[in-house]
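Structure file target34.cif (mmCIF, C-alpha atoms) is printed below.
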data_my_file
#
loop_
_atom_site.group_PDB
_atom_site.id
_atom_site.type_symbol
_atom_site.label_atom_id
_atom_site.label_comp_id
_atom_site.auth_asym_id
_atom_site.auth_seq_id
_atom_site.Cartn_x
_atom_site.Cartn_y
_atom_site.Cartn_z
ATOM 1 C CA MET W 1 -13.741 -9.801 18.813
ATOM 2 C CA ARG W 2 -9.979 -9.608 19.222
ATOM 3 C CA ILE W 3 -8.287 -6.995 17.110
ATOM 4 C CA ALA W 4 -4.652 -5.959 16.965
ATOM 5 C CA ILE W 5 -3.493 -2.679 15.468
ATOM 6 C CA LEU W 6 0.159 -2.730 14.454
ATOM 7 C CA ILE W 7 2.359 0.278 15.054
ATOM 8 C CA PHE W 8 5.555 1.110 13.182
ATOM 9 C CA PRO W 9 7.843 4.082 13.674
ATOM 10 C CA GLY W 10 5.986 6.755 11.711
ATOM 11 C CA SER W 11 2.491 5.209 11.905
ATOM 12 C CA ASN W 12 0.057 8.042 12.629
ATOM 13 C CA CYS W 13 -3.445 6.639 12.179
ATOM 14 C CA ASP W 14 -3.159 3.944 14.858
ATOM 15 C CA ARG W 15 -4.964 5.992 17.490
ATOM 16 C CA ASP W 16 -7.748 7.075 15.107
ATOM 17 C CA MET W 17 -8.257 3.441 14.170
ATOM 18 C CA MET W 18 -8.285 2.420 17.842
ATOM 19 C CA VAL W 19 -10.930 5.072 18.633
ATOM 20 C CA ALA W 20 -13.052 3.954 15.664
ATOM 21 C CA ILE W 21 -12.857 0.272 16.617
ATOM 22 C CA GLU W 22 -13.569 0.989 20.279
ATOM 23 C CA LYS W 23 -16.571 3.126 19.353
ATOM 24 C CA LEU W 24 -17.976 0.350 17.151
ATOM 25 C CA THR W 25 -17.219 -2.673 19.332
ATOM 26 C CA GLY W 26 -17.087 -1.230 22.844
ATOM 27 C CA ARG W 27 -13.770 -2.984 23.230
ATOM 28 C CA ARG W 28 -10.320 -1.522 22.974
ATOM 29 C CA PRO W 29 -8.113 -3.269 20.406
ATOM 30 C CA SER W 30 -4.568 -4.161 21.364
ATOM 31 C CA LEU W 31 -1.755 -2.047 20.006
ATOM 32 C CA VAL W 32 1.263 -4.049 18.897
ATOM 33 C CA TRP W 33 4.725 -2.587 18.343
ATOM 34 C CA HIS W 34 6.501 -3.669 15.164
ATOM 35 C CA LYS W 35 9.346 -5.372 17.076
ATOM 36 C CA GLU W 36 6.995 -8.039 18.440
ATOM 37 C CA SER W 37 7.562 -11.336 16.701
ATOM 38 C CA CYS W 38 4.326 -13.012 17.699
ATOM 39 C CA LEU W 39 0.698 -12.025 18.045
ATOM 40 C CA ASP W 40 -1.813 -13.221 20.630
ATOM 41 C CA PRO W 41 -4.737 -15.036 18.991
ATOM 42 C CA ILE W 42 -6.726 -12.424 17.084
ATOM 43 C CA ASP W 43 -9.623 -12.233 14.649
ATOM 44 C CA LEU W 44 -8.296 -9.261 12.739
ATOM 45 C CA ALA W 45 -4.921 -7.559 12.282
ATOM 46 C CA ILE W 46 -5.073 -3.948 11.169
ATOM 47 C CA ILE W 47 -2.129 -2.094 9.648
ATOM 48 C CA PRO W 48 -2.935 1.608 9.981
ATOM 49 C CA GLY W 49 -1.892 4.594 7.914
ATOM 50 C CA GLY W 50 1.095 6.852 8.408
ATOM 51 C CA PHE W 51 4.607 7.173 7.067
ATOM 52 C CA SER W 52 6.263 4.052 8.427
ATOM 53 C CA PHE W 53 10.050 4.443 8.449
ATOM 54 C CA GLY W 54 9.636 7.843 6.794
ATOM 55 C CA ASP W 55 8.614 6.151 3.516
ATOM 56 C CA TYR W 56 12.344 5.567 2.974
ATOM 57 C CA LEU W 57 13.388 3.405 -0.004
ATOM 58 C CA ARG W 58 9.741 2.779 -1.070
ATOM 59 C CA CYS W 59 6.635 3.431 0.971
ATOM 60 C CA GLY W 60 5.924 0.386 3.119
ATOM 61 C CA ALA W 61 9.118 -1.445 2.102
ATOM 62 C CA LEU W 62 10.937 -1.313 5.438
ATOM 63 C CA ALA W 63 7.818 -1.920 7.552
ATOM 64 C CA ALA W 64 7.059 -5.017 5.454
ATOM 65 C CA ARG W 65 10.344 -6.534 6.686
ATOM 66 C CA SER W 66 9.664 -5.875 10.396
ATOM 67 C CA PRO W 67 9.489 -8.775 12.883
ATOM 68 C CA VAL W 68 5.742 -8.374 13.469
ATOM 69 C CA ILE W 69 5.076 -8.953 9.773
ATOM 70 C CA ASP W 70 6.222 -12.581 10.103
ATOM 71 C CA ALA W 71 3.486 -12.992 12.703
ATOM 72 C CA VAL W 72 0.986 -11.332 10.359
ATOM 73 C CA LEU W 73 2.032 -13.694 7.543
ATOM 74 C CA ASP W 74 1.481 -16.692 9.869
ATOM 75 C CA HIS W 75 -1.904 -15.291 10.898
ATOM 76 C CA ALA W 76 -2.872 -14.802 7.232
ATOM 77 C CA ALA W 77 -1.622 -18.287 6.313
ATOM 78 C CA ARG W 78 -4.035 -19.700 8.909
ATOM 79 C CA GLY W 79 -6.858 -17.802 7.175
ATOM 80 C CA GLY W 80 -6.777 -14.885 9.623
ATOM 81 C CA ALA W 81 -8.197 -11.563 8.468
ATOM 82 C CA VAL W 82 -5.863 -8.648 7.743
ATOM 83 C CA MET W 83 -6.779 -5.098 6.810
ATOM 84 C CA GLY W 84 -4.395 -2.369 5.691
ATOM 85 C CA VAL W 85 -5.381 1.265 5.293
ATOM 86 C CA CYS W 86 -3.312 3.763 3.301
ATOM 87 C CA ASN W 87 0.291 3.146 4.359
ATOM 88 C CA GLY W 88 -1.070 -0.173 5.689
ATOM 89 C CA PHE W 89 -2.169 -1.011 2.132
ATOM 90 C CA GLN W 90 1.277 -0.049 0.836
ATOM 91 C CA ILE W 91 2.840 -2.337 3.450
ATOM 92 C CA LEU W 92 0.539 -5.253 2.510
ATOM 93 C CA LEU W 93 1.640 -4.917 -1.129
ATOM 94 C CA GLU W 94 5.290 -4.956 -0.065
ATOM 95 C CA THR W 95 4.661 -8.160 1.929
ATOM 96 C CA ARG W 96 3.091 -9.636 -1.251
ATOM 97 C CA LEU W 97 -0.010 -10.647 0.697
ATOM 98 C CA LEU W 98 -1.719 -8.564 -1.981
ATOM 99 C CA PRO W 99 -0.478 -8.131 -5.568
ATOM 100 C CA GLY W 100 0.689 -4.944 -7.260
ATOM 101 C CA VAL W 101 2.247 -1.755 -5.965
ATOM 102 C CA LEU W 102 1.220 1.802 -5.127
ATOM 103 C CA VAL W 103 3.255 4.435 -6.942
ATOM 104 C CA LYS W 104 3.340 8.215 -6.857
ATOM 105 C CA ASN W 105 0.055 9.996 -7.596
ATOM 106 C CA ALA W 106 -0.297 10.849 -11.281
ATOM 107 C CA GLY W 107 -0.426 14.575 -10.446
ATOM 108 C CA LEU W 108 2.731 14.294 -8.263
ATOM 109 C CA LYS W 109 0.884 16.010 -5.413
ATOM 110 C CA TYR W 110 -0.054 14.825 -1.965
ATOM 111 C CA ILE W 111 -3.851 14.544 -1.973
ATOM 112 C CA CYS W 112 -5.940 15.094 1.135
ATOM 113 C CA ARG W 113 -9.650 15.304 0.410
ATOM 114 C CA ASN W 114 -12.884 13.342 0.352
ATOM 115 C CA ILE W 115 -13.430 10.774 -2.366
ATOM 116 C CA THR W 116 -16.437 8.664 -3.252
ATOM 117 C CA MET W 117 -16.057 4.997 -4.038
ATOM 118 C CA ASP W 118 -18.346 2.196 -5.165
ATOM 119 C CA VAL W 119 -18.498 -1.135 -3.421
ATOM 120 C CA CYS W 120 -17.783 -3.759 -6.089
ATOM 121 C CA GLU W 121 -19.010 -7.312 -6.455
ATOM 122 C CA THR W 122 -16.283 -9.501 -4.987
ATOM 123 C CA VAL W 123 -15.395 -13.026 -3.959
ATOM 124 C CA ASP W 124 -16.946 -13.843 -0.599
ATOM 125 C CA SER W 125 -15.096 -11.726 1.932
ATOM 126 C CA PRO W 126 -15.808 -10.404 5.413
ATOM 127 C CA PHE W 127 -14.667 -7.010 4.142
ATOM 128 C CA THR W 128 -17.502 -6.667 1.621
ATOM 129 C CA ARG W 129 -20.118 -9.241 2.693
ATOM 130 C CA ASN W 130 -22.272 -6.780 4.634
ATOM 131 C CA LEU W 131 -21.954 -3.962 2.103
ATOM 132 C CA GLU W 132 -24.383 -3.623 -0.752
ATOM 133 C CA VAL W 133 -22.806 -3.955 -4.199
ATOM 134 C CA GLY W 134 -22.891 -0.530 -5.839
ATOM 135 C CA ALA W 135 -23.229 1.297 -2.511
ATOM 136 C CA ARG W 136 -21.417 4.663 -2.658
ATOM 137 C CA LEU W 137 -19.221 5.526 0.283
ATOM 138 C CA THR W 138 -17.542 8.876 0.902
ATOM 139 C CA MET W 139 -14.464 9.231 3.079
ATOM 140 C CA PRO W 140 -11.087 10.975 2.979
ATOM 141 C CA VAL W 141 -7.901 9.972 1.238
ATOM 142 C CA ALA W 142 -4.564 11.424 2.355
ATOM 143 C CA HIS W 143 -1.610 10.130 0.397
ATOM 144 C CA ASN W 144 1.233 10.792 -1.992
ATOM 145 C CA GLU W 145 1.505 7.236 -3.346
ATOM 146 C CA GLY W 146 -2.003 5.945 -3.995
ATOM 147 C CA ASN W 147 -1.701 5.211 -7.679
ATOM 148 C CA TYR W 148 -2.313 1.461 -7.885
ATOM 149 C CA PHE W 149 -0.194 -0.283 -10.488
ATOM 150 C CA ALA W 150 0.011 -3.905 -11.584
ATOM 151 C CA GLY W 151 0.802 -5.643 -14.866
ATOM 152 C CA GLU W 152 -2.047 -6.073 -17.339
ATOM 153 C CA ASP W 153 -2.382 -9.787 -16.584
ATOM 154 C CA GLU W 154 -2.567 -9.089 -12.864
ATOM 155 C CA LEU W 155 -5.196 -6.378 -13.350
ATOM 156 C CA ALA W 156 -7.290 -8.709 -15.510
ATOM 157 C CA ARG W 157 -6.956 -11.426 -12.862
ATOM 158 C CA LEU W 158 -8.061 -9.061 -10.070
ATOM 159 C CA ASN W 159 -11.011 -7.932 -12.142
ATOM 160 C CA ASP W 160 -12.080 -11.441 -13.245
ATOM 161 C CA ASN W 161 -11.653 -12.959 -9.770
ATOM 162 C CA GLY W 162 -13.717 -10.294 -8.025
ATOM 163 C CA GLN W 163 -10.758 -8.992 -6.042
ATOM 164 C CA ILE W 164 -11.403 -5.309 -6.653
ATOM 165 C CA ALA W 165 -13.316 -4.243 -3.563
ATOM 166 C CA PHE W 166 -13.677 -0.483 -4.033
ATOM 167 C CA ARG W 167 -13.420 1.814 -7.043
ATOM 168 C CA TYR W 168 -13.298 5.606 -7.135
ATOM 169 C CA VAL W 169 -16.361 7.218 -8.709
ATOM 170 C CA ASP W 170 -17.362 10.828 -9.359
ATOM 171 C CA GLY W 171 -18.779 12.446 -6.250
ATOM 172 C CA PRO W 172 -20.971 15.496 -5.654
ATOM 173 C CA ALA W 173 -18.635 17.249 -3.232
ATOM 174 C CA HIS W 174 -15.333 16.826 -5.002
ATOM 175 C CA GLY W 175 -15.675 16.503 -8.753
ATOM 176 C CA LEU W 176 -13.718 13.977 -10.738
ATOM 177 C CA ALA W 177 -13.428 10.462 -9.510
ATOM 178 C CA ASN W 178 -9.989 8.982 -9.640
ATOM 179 C CA PRO W 179 -7.742 11.243 -7.561
ATOM 180 C CA ASN W 180 -4.389 9.632 -8.239
ATOM 181 C CA GLY W 181 -4.310 7.845 -11.607
ATOM 182 C CA SER W 182 -4.952 4.437 -10.045
ATOM 183 C CA SER W 183 -5.377 1.590 -12.586
ATOM 184 C CA LEU W 184 -9.025 0.577 -13.092
ATOM 185 C CA ASP W 185 -9.934 3.311 -10.565
ATOM 186 C CA ILE W 186 -8.876 0.919 -7.802
ATOM 187 C CA ALA W 187 -9.300 2.260 -4.261
ATOM 188 C CA GLY W 188 -9.070 -1.111 -2.522
ATOM 189 C CA ILE W 189 -8.470 -4.795 -3.302
ATOM 190 C CA ILE W 190 -8.832 -8.110 -1.512
ATOM 191 C CA SER W 191 -6.911 -11.357 -1.670
ATOM 192 C CA ALA W 192 -8.180 -14.323 -3.700
ATOM 193 C CA ASN W 193 -9.417 -15.994 -0.491
ATOM 194 C CA GLY W 194 -11.151 -12.786 0.635
ATOM 195 C CA ARG W 195 -9.261 -12.614 3.951
ATOM 196 C CA VAL W 196 -6.815 -9.779 3.273
ATOM 197 C CA MET W 197 -7.951 -6.310 2.236
ATOM 198 C CA GLY W 198 -6.040 -3.132 1.504
ATOM 199 C CA MET W 199 -7.530 0.273 0.730
ATOM 200 C CA MET W 200 -6.227 3.818 0.327
ATOM 201 C CA PRO W 201 -9.230 5.768 1.742
ATOM 202 C CA HIS W 202 -9.463 6.166 5.520
ATOM 203 C CA PRO W 203 -12.655 4.651 7.016
ATOM 204 C CA GLU W 204 -11.438 5.496 10.528
ATOM 205 C CA ARG W 205 -11.593 9.200 9.651
ATOM 206 C CA ALA W 206 -15.286 9.035 8.715
ATOM 207 C CA ILE W 207 -16.988 7.598 11.776
ATOM 208 C CA SER W 208 -19.402 10.363 12.758
ATOM 209 C CA PRO W 209 -21.210 13.324 11.173
ATOM 210 C CA GLU W 210 -19.014 15.658 13.255
ATOM 211 C CA LEU W 211 -16.034 14.357 11.269
ATOM 212 C CA GLY W 212 -17.766 15.070 7.981
ATOM 213 C CA GLY W 213 -19.420 11.695 7.489
ATOM 214 C CA SER W 214 -19.953 8.233 8.853
ATOM 215 C CA ASP W 215 -19.552 6.016 5.794
ATOM 216 C CA GLY W 216 -16.282 4.756 7.245
ATOM 217 C CA ALA W 217 -18.143 3.500 10.297
ATOM 218 C CA LYS W 218 -20.547 1.686 7.982
ATOM 219 C CA LEU W 219 -17.657 -0.031 6.239
ATOM 220 C CA LEU W 220 -15.857 -0.982 9.460
ATOM 221 C CA GLN W 221 -19.080 -2.100 11.156
ATOM 222 C CA GLY W 222 -19.832 -4.357 8.183
ATOM 223 C CA CYS W 223 -16.387 -5.982 8.410
ATOM 224 C CA LEU W 224 -16.525 -6.429 12.163
ATOM 225 C CA GLU W 225 -19.969 -8.036 12.078
ATOM 226 C CA ALA W 226 -18.931 -10.356 9.250
ATOM 227 C CA LEU W 227 -15.853 -11.423 11.196
ATOM 228 C CA VAL W 228 -17.775 -12.421 14.321
ATOM 229 C CA SER W 229 -20.682 -14.137 12.546
ATOM 230 C CA MET A 1 34.284 -3.604 -1.402
ATOM 231 C CA GLN A 2 32.095 -0.890 -2.764
ATOM 232 C CA VAL A 3 29.066 -1.911 -4.803
ATOM 233 C CA ILE A 4 26.787 0.384 -6.769
ATOM 234 C CA VAL A 5 23.214 -0.704 -7.279
ATOM 235 C CA ASN A 6 21.162 1.122 -9.876
ATOM 236 C CA ILE A 7 17.414 0.753 -9.560
ATOM 237 C CA SER A 8 15.336 1.736 -12.565
ATOM 238 C CA LEU A 9 11.654 1.661 -13.393
ATOM 239 C CA LYS A 10 10.641 -1.152 -15.711
ATOM 240 C CA GLU A 11 9.588 -0.294 -19.235
ATOM 241 C CA GLY A 12 5.890 0.470 -19.378
ATOM 242 C CA VAL A 13 5.700 1.752 -15.801
ATOM 243 C CA LEU A 14 4.527 5.340 -15.795
ATOM 244 C CA ASP A 15 7.077 7.792 -14.373
ATOM 245 C CA PRO A 16 5.211 11.015 -13.544
ATOM 246 C CA GLN A 17 8.317 12.409 -11.865
ATOM 247 C CA GLY A 18 10.375 11.886 -15.027
ATOM 248 C CA GLN A 19 7.636 13.495 -17.104
ATOM 249 C CA ALA A 20 7.543 16.558 -14.844
ATOM 250 C CA ILE A 21 11.330 16.954 -15.002
ATOM 251 C CA ALA A 22 11.301 16.607 -18.795
ATOM 252 C CA ARG A 23 8.582 19.271 -19.047
ATOM 253 C CA SER A 24 10.572 21.615 -16.814
ATOM 254 C CA LEU A 25 13.736 21.146 -18.863
ATOM 255 C CA ASN A 26 11.747 21.833 -22.053
ATOM 256 C CA ASP A 27 10.346 25.002 -20.452
ATOM 257 C CA LEU A 28 13.887 26.064 -19.518
ATOM 258 C CA GLY A 29 14.876 25.965 -23.164
ATOM 259 C CA PHE A 30 16.258 22.429 -23.371
ATOM 260 C CA GLN A 31 14.070 21.561 -26.347
ATOM 261 C CA GLU A 32 16.248 18.563 -27.173
ATOM 262 C CA VAL A 33 15.119 16.714 -24.038
ATOM 263 C CA GLY A 34 12.816 13.764 -24.733
ATOM 264 C CA GLU A 35 11.685 11.140 -22.256
ATOM 265 C CA ILE A 36 13.190 11.094 -18.767
ATOM 266 C CA ARG A 37 13.126 8.125 -16.402
ATOM 267 C CA VAL A 38 14.164 8.640 -12.789
ATOM 268 C CA GLY A 39 15.837 5.885 -10.797
ATOM 269 C CA LYS A 40 17.860 5.361 -7.638
ATOM 270 C CA ARG A 41 21.537 4.785 -7.064
ATOM 271 C CA ILE A 42 22.525 2.987 -3.898
ATOM 272 C CA VAL A 43 26.192 2.753 -2.888
ATOM 273 C CA ILE A 44 26.909 -0.096 -0.484
ATOM 274 C CA GLU A 45 30.073 -0.999 1.387
ATOM 275 C CA VAL A 46 30.149 -4.769 1.757
ATOM 276 C CA ASN A 47 32.623 -6.828 3.719
ATOM 277 C CA GLU A 48 33.123 -9.601 1.144
ATOM 278 C CA PRO A 49 36.365 -9.865 -0.825
ATOM 279 C CA ASN A 50 35.198 -12.567 -3.256
ATOM 280 C CA ARG A 51 33.604 -10.847 -6.264
ATOM 281 C CA ALA A 52 31.330 -13.737 -7.274
ATOM 282 C CA ARG A 53 29.988 -14.171 -3.763
ATOM 283 C CA LEU A 54 29.662 -10.405 -3.433
ATOM 284 C CA HIS A 55 27.565 -10.200 -6.583
ATOM 285 C CA GLN A 56 25.383 -13.061 -5.413
ATOM 286 C CA ARG A 57 24.788 -11.478 -1.980
ATOM 287 C CA VAL A 58 23.980 -8.057 -3.400
ATOM 288 C CA ALA A 59 21.565 -9.624 -5.916
ATOM 289 C CA LYS A 60 19.860 -11.264 -2.957
ATOM 290 C CA MET A 61 19.674 -7.864 -1.184
ATOM 291 C CA CYS A 62 18.052 -6.384 -4.298
ATOM 292 C CA GLU A 63 15.468 -9.138 -4.440
ATOM 293 C CA THR A 64 14.782 -9.104 -0.700
ATOM 294 C CA LEU A 65 14.502 -5.381 -0.098
ATOM 295 C CA LEU A 66 16.229 -2.905 -2.392
ATOM 296 C CA SER A 67 13.985 -3.269 -5.441
ATOM 297 C CA ASN A 68 10.354 -4.156 -6.037
ATOM 298 C CA ALA A 69 10.149 -6.622 -8.928
ATOM 299 C CA VAL A 70 6.647 -5.460 -9.854
ATOM 300 C CA ILE A 71 7.899 -2.093 -11.126
ATOM 301 C CA GLU A 72 11.687 -2.015 -10.873
ATOM 302 C CA ASP A 73 14.793 -3.567 -12.409
ATOM 303 C CA TYR A 74 18.215 -3.477 -10.799
ATOM 304 C CA ASP A 75 21.771 -3.751 -11.975
ATOM 305 C CA ILE A 76 24.870 -4.281 -9.905
ATOM 306 C CA ASP A 77 28.170 -2.577 -10.583
ATOM 307 C CA ILE A 78 31.320 -3.619 -8.726
ATOM 308 C CA PRO A 79 33.930 -1.049 -9.800
ATOM 309 C CA ASP A 80 37.352 -2.436 -10.768
ATOM 310 C CA GLY A 81 40.531 -1.590 -8.913
ATOM 311 C CA GLN A 82 39.285 -2.216 -5.403
#

So that I can check it, write out the structure of this file as structure tokens.
Amino acid sequence: MRIAILIFPGSNCDRDMMVAIEKLTGRRPSLVWHKESCLDPIDLAIIPGGFSFGDYLRCGALAARSPVIDAVLDHAARGGAVMGVCNGFQILLETRLLPGVLVKNAGLKYICRNITMDVCETVDSPFTRNLEVGARLTMPVAHNEGNYFAGEDELARLNDNGQIAFRYVDGPAHGLANPNGSSLDIAGIISANGRVMGMMPHPERAISPELGGSDGAKLLQGCLEALVS
Amino acid sequence: MQVIVNISLKEGVLDPQGQAIARSLNDLGFQEVGEIRVGKRIVIEVNEPNRARLHQRVAKMCETLLSNAVIEDYDIDIPDGQ
């Protein structure tokens, strides 16, 4: 399993993601600086969370125009798998690998807390294949712009095509479901071909009971097993 | 030449920032304030003396990076007398 984690100036979840992947696979993923214009052959590219380029202009906008993104676009065009978490999701939307945009949270506040989300029925995708539809996963979100927005036609298309992967639901530990005003309670979406996934919650921050939960490990493990099988 | 690009949120896109500012102004006694929409103003110095080409290049900049067509519109102002 060859995994690359991309790093931009201002990424800050790259190491957490590396630790999570290493714990689950026993193999250290490669870390790739954003100036690189090509990627070694990989099975999965991960864009981690953070504040790439200080969130200047729009969150993810400048990172999405970095040299390494051309390599990610080539990888995705060949059917390669790509996952973006938090700022990584924002970057994927700015690259247009996924539709829509993430705008400021409805409450205008930075939110850092656990959420619970449901796994939805989706098109066949390595990111959801090993997860049970309707399974409830709890893990943290930490963002200021997690409010998913797309036009009505686009939202209907995502819904009808089975591209909504995860939706916020009410949880026992934290009250009301949708933390940020996200359309259709969207926490994560996948591309029409199932190979690109972006999500706001942080699975890499929920990989052991000592960290408050291990649902993130379950999610990542499911993806990794689907990608090698 | 100096170019001013105004980026605004498309109609129908929620602007929680604008709503919060409008509420604050109302609370401060500006009861006449209705809806507020917040945008961005970007001032760019461009080395291109031909106005038509300048407009075309800046439009390309807007579409490539400066605005996100999903939620934003842009307009380009090239002030006279330059």

Exercise. Between A:Thr64, A:Gln2, A:Asn50, A:Gly34, which has the minimum distance to Ala20 (chain A) (counting only C-alpha atoms)?
Worked result: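 Nearest to Ala20 (chain A): A:Gly34.
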
For this session: Starting from the point (10.8, -0.3, -7.7), work out which residues of protein, DNA or RNA have an atom no more than 9 Å away when counting only C-alpha atoms; state them as a PyMOL selection string.
Result: (chain W and resi 57-58+101+103) or (chain A and resi 7-10+39+66-74)

Could you write out that same residue set with C-alpha atoms as a PDB file, in the coordinates of the input?
ATOM      1  CA  LEU W  57      13.388   3.405  -0.004  1.00  0.00           C
ATOM      2  CA  ARG W  58       9.741   2.779  -1.070  1.00  0.00           C
ATOM      3  CA  VAL W 101       2.247  -1.755  -5.965  1.00  0.00           C
ATOM      4  CA  VAL W 103       3.255   4.435  -6.942  1.00  0.00           C
TER       5      VAL W 103
ATOM      6  CA  ILE A   7      17.414   0.753  -9.560  1.00  0.00           C
ATOM      7  CA  SER A   8      15.336   1.736 -12.565  1.00  0.00           C
ATOM      8  CA  LEU A   9      11.654   1.661 -13.393  1.00  0.00           C
ATOM      9  CA  LYS A  10      10.641  -1.152 -15.711  1.00  0.00           C
ATOM     10  CA  GLY A  39      15.837   5.885 -10.797  1.00  0.00           C
ATOM     11  CA  LEU A  66      16.229  -2.905  -2.392  1.00  0.00           C
ATOM     12  CA  SER A  67      13.985  -3.269  -5.441  1.00  0.00           C
ATOM     13  CA  ASN A  68      10.354  -4.156  -6.037  1.00  0.00           C
ATOM     14  CA  ALA A  69      10.149  -6.622  -8.928  1.00  0.00           C
ATOM     15  CA  VAL A  70       6.647  -5.460  -9.854  1.00  0.00           C
ATOM     16  CA  ILE A  71       7.899  -2.093 -11.126  1.00  0.00           C
ATOM     17  CA  GLU A  72      11.687  -2.015 -10.873  1.00  0.00           C
ATOM     18  CA  ASP A  73      14.793  -3.567 -12.409  1.00  0.00           C
ATOM     19  CA  TYR A  74      18.215  -3.477 -10.799  1.00  0.00           C
TER      20      TYR A  74
END

Exercise. Separation of CA of Ala135 (chain W) and CA of Asn12 (chain W), in Å?
Worked result: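 Here the two named atoms are 28.6 Å from each other.
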
For this session: Excluding Asp40 (chain W) and residues on its chain fewer than 3 positions from it, collect all residues at most 10 Å away from it, counting all atoms listed in the file, and give them as a list in words.
Result: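 Once the nearby chain positions are removed, what remains is Arg2, Ile3, Ala4, Ser30, Val32, Asp43, Ala71 and His75 of chain W.
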
For Pro179 (chain W), work out the shell of residues within 8 Å, counting only C-alpha atoms and skipping chain neighbours fewer than 3 positions away, then give it as a CSV table (one decimal) with C-alpha atoms, in the frame of the given file.
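Writing done, so here's around.csv:
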chain,number,residue,atom,x,y,z
W,105,ASN,CA,0.1,10.0,-7.6
W,111,ILE,CA,-3.9,14.5,-2.0
W,115,ILE,CA,-13.4,10.8,-2.4
W,168,TYR,CA,-13.3,5.6,-7.1
W,176,LEU,CA,-13.7,14.0,-10.7
W,182,SER,CA,-5.0,4.4,-10.0

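CA of Gly181 (chain W) is found 5.0 Å from CA of Ala106 (chain W).
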
Problem set entry | Local residues around (-12.7, 10.1, 12.0), at most 12 Å away, using all atoms listed in the file, as a PyMOL selection string | chain W and resi 13-21+23+139-141+201-217+220

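The spacing separating CA of Ala77 (chain W) from CA of Met197 (chain W) amounts to 14.1 Å.
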
Problem set entry | Residue nearest chain A among W:Val82, W:Leu73, W:Leu97, W:Leu108 (counting all atoms listed in the file) |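 Closest to chain A of all the choices is W:Leu108.
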
With 4 Å added on each side, what axis-aligned box encloses every listed atom of region 57-65 of chain W? Give the centre and edge lengths in Å to one decimal, as lines of an AutoDock Vina configuration file.
center_x = 9.7
center_y = -1.6
center_z = 3.2
size_x = 15.5
size_y = 18.0
size_z = 16.6

For this session: Just need the residues of chain W within 12 Å of chain A, counting all atoms listed in the file, so spit them out as a PyMOL selection string.
Result: chain W and resi 56-66+93-96+98-109+145+147-152+154+180-183

Exercise. What residues come out when you apply the PyMOL selection byres ((chain A and resi 43) around 9) to this file, written as a ChimeraX atom specification?
Worked result: /A:2-6,41-42,44-45

For this session: Take the PyMOL selection byres ((chain W and resi 35) around 6), apply it to the structure above, and return the hits as a ChimeraX atom specification.
Result: /W:33-34,36,67-68

For this session: Please identify all polymer residues within 8 Å of Gln19 (chain A), counting only C-alpha atoms, omitting same-chain residues fewer than 5 positions from it, and present them as a PyMOL selection string.
Result: chain A and resi 35-37

Problem set entry | Closest of W:Ile42, W:Pro126, W:Met200, W:Gly162 to Asn144 (chain W) - atom-to-atom distances counting only C-alpha atoms | W:Met200

Problem set entry | Residues near Met1 (chain W), cut-off 10 Å, only C-alpha atoms, skip fewer than 6 positions along chain, as a list in words | Thr25, Arg27, Arg28, Pro29, Ile42, Asp43, Leu44, Leu224, Glu225, Leu227 and Val228 of chain W

Could you save the residues just selected, with C-alpha atoms, as an mmCIF file, keeping the file's coordinate frame?
data_model
loop_
_atom_site.group_PDB
_atom_site.id
_atom_site.type_symbol
_atom_site.label_atom_id
_atom_site.label_comp_id
_atom_site.auth_asym_id
_atom_site.auth_seq_id
_atom_site.Cartn_x
_atom_site.Cartn_y
_atom_site.Cartn_z
ATOM 1 C CA THR W 25 -17.219 -2.673 19.332
ATOM 2 C CA ARG W 27 -13.770 -2.984 23.230
ATOM 3 C CA ARG W 28 -10.320 -1.522 22.974
ATOM 4 C CA PRO W 29 -8.113 -3.269 20.406
ATOM 5 C CA ILE W 42 -6.726 -12.424 17.084
ATOM 6 C CA ASP W 43 -9.623 -12.233 14.649
ATOM 7 C CA LEU W 44 -8.296 -9.261 12.739
ATOM 8 C CA LEU W 224 -16.525 -6.429 12.163
ATOM 9 C CA GLU W 225 -19.969 -8.036 12.078
ATOM 10 C CA LEU W 227 -15.853 -11.423 11.196
ATOM 11 C CA VAL W 228 -17.775 -12.421 14.321
#

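Here the PyMOL selection byres ((chain A and resi 48) around 12) captures the residues Met1, Gln2, Val3, Ile44, Glu45, Val46, Asn47, Pro49, Asn50, Arg51, Ala52, Arg53, Leu54, His55, Gln56, Arg57, Val58, Ile78 and Gln82 of chain A.
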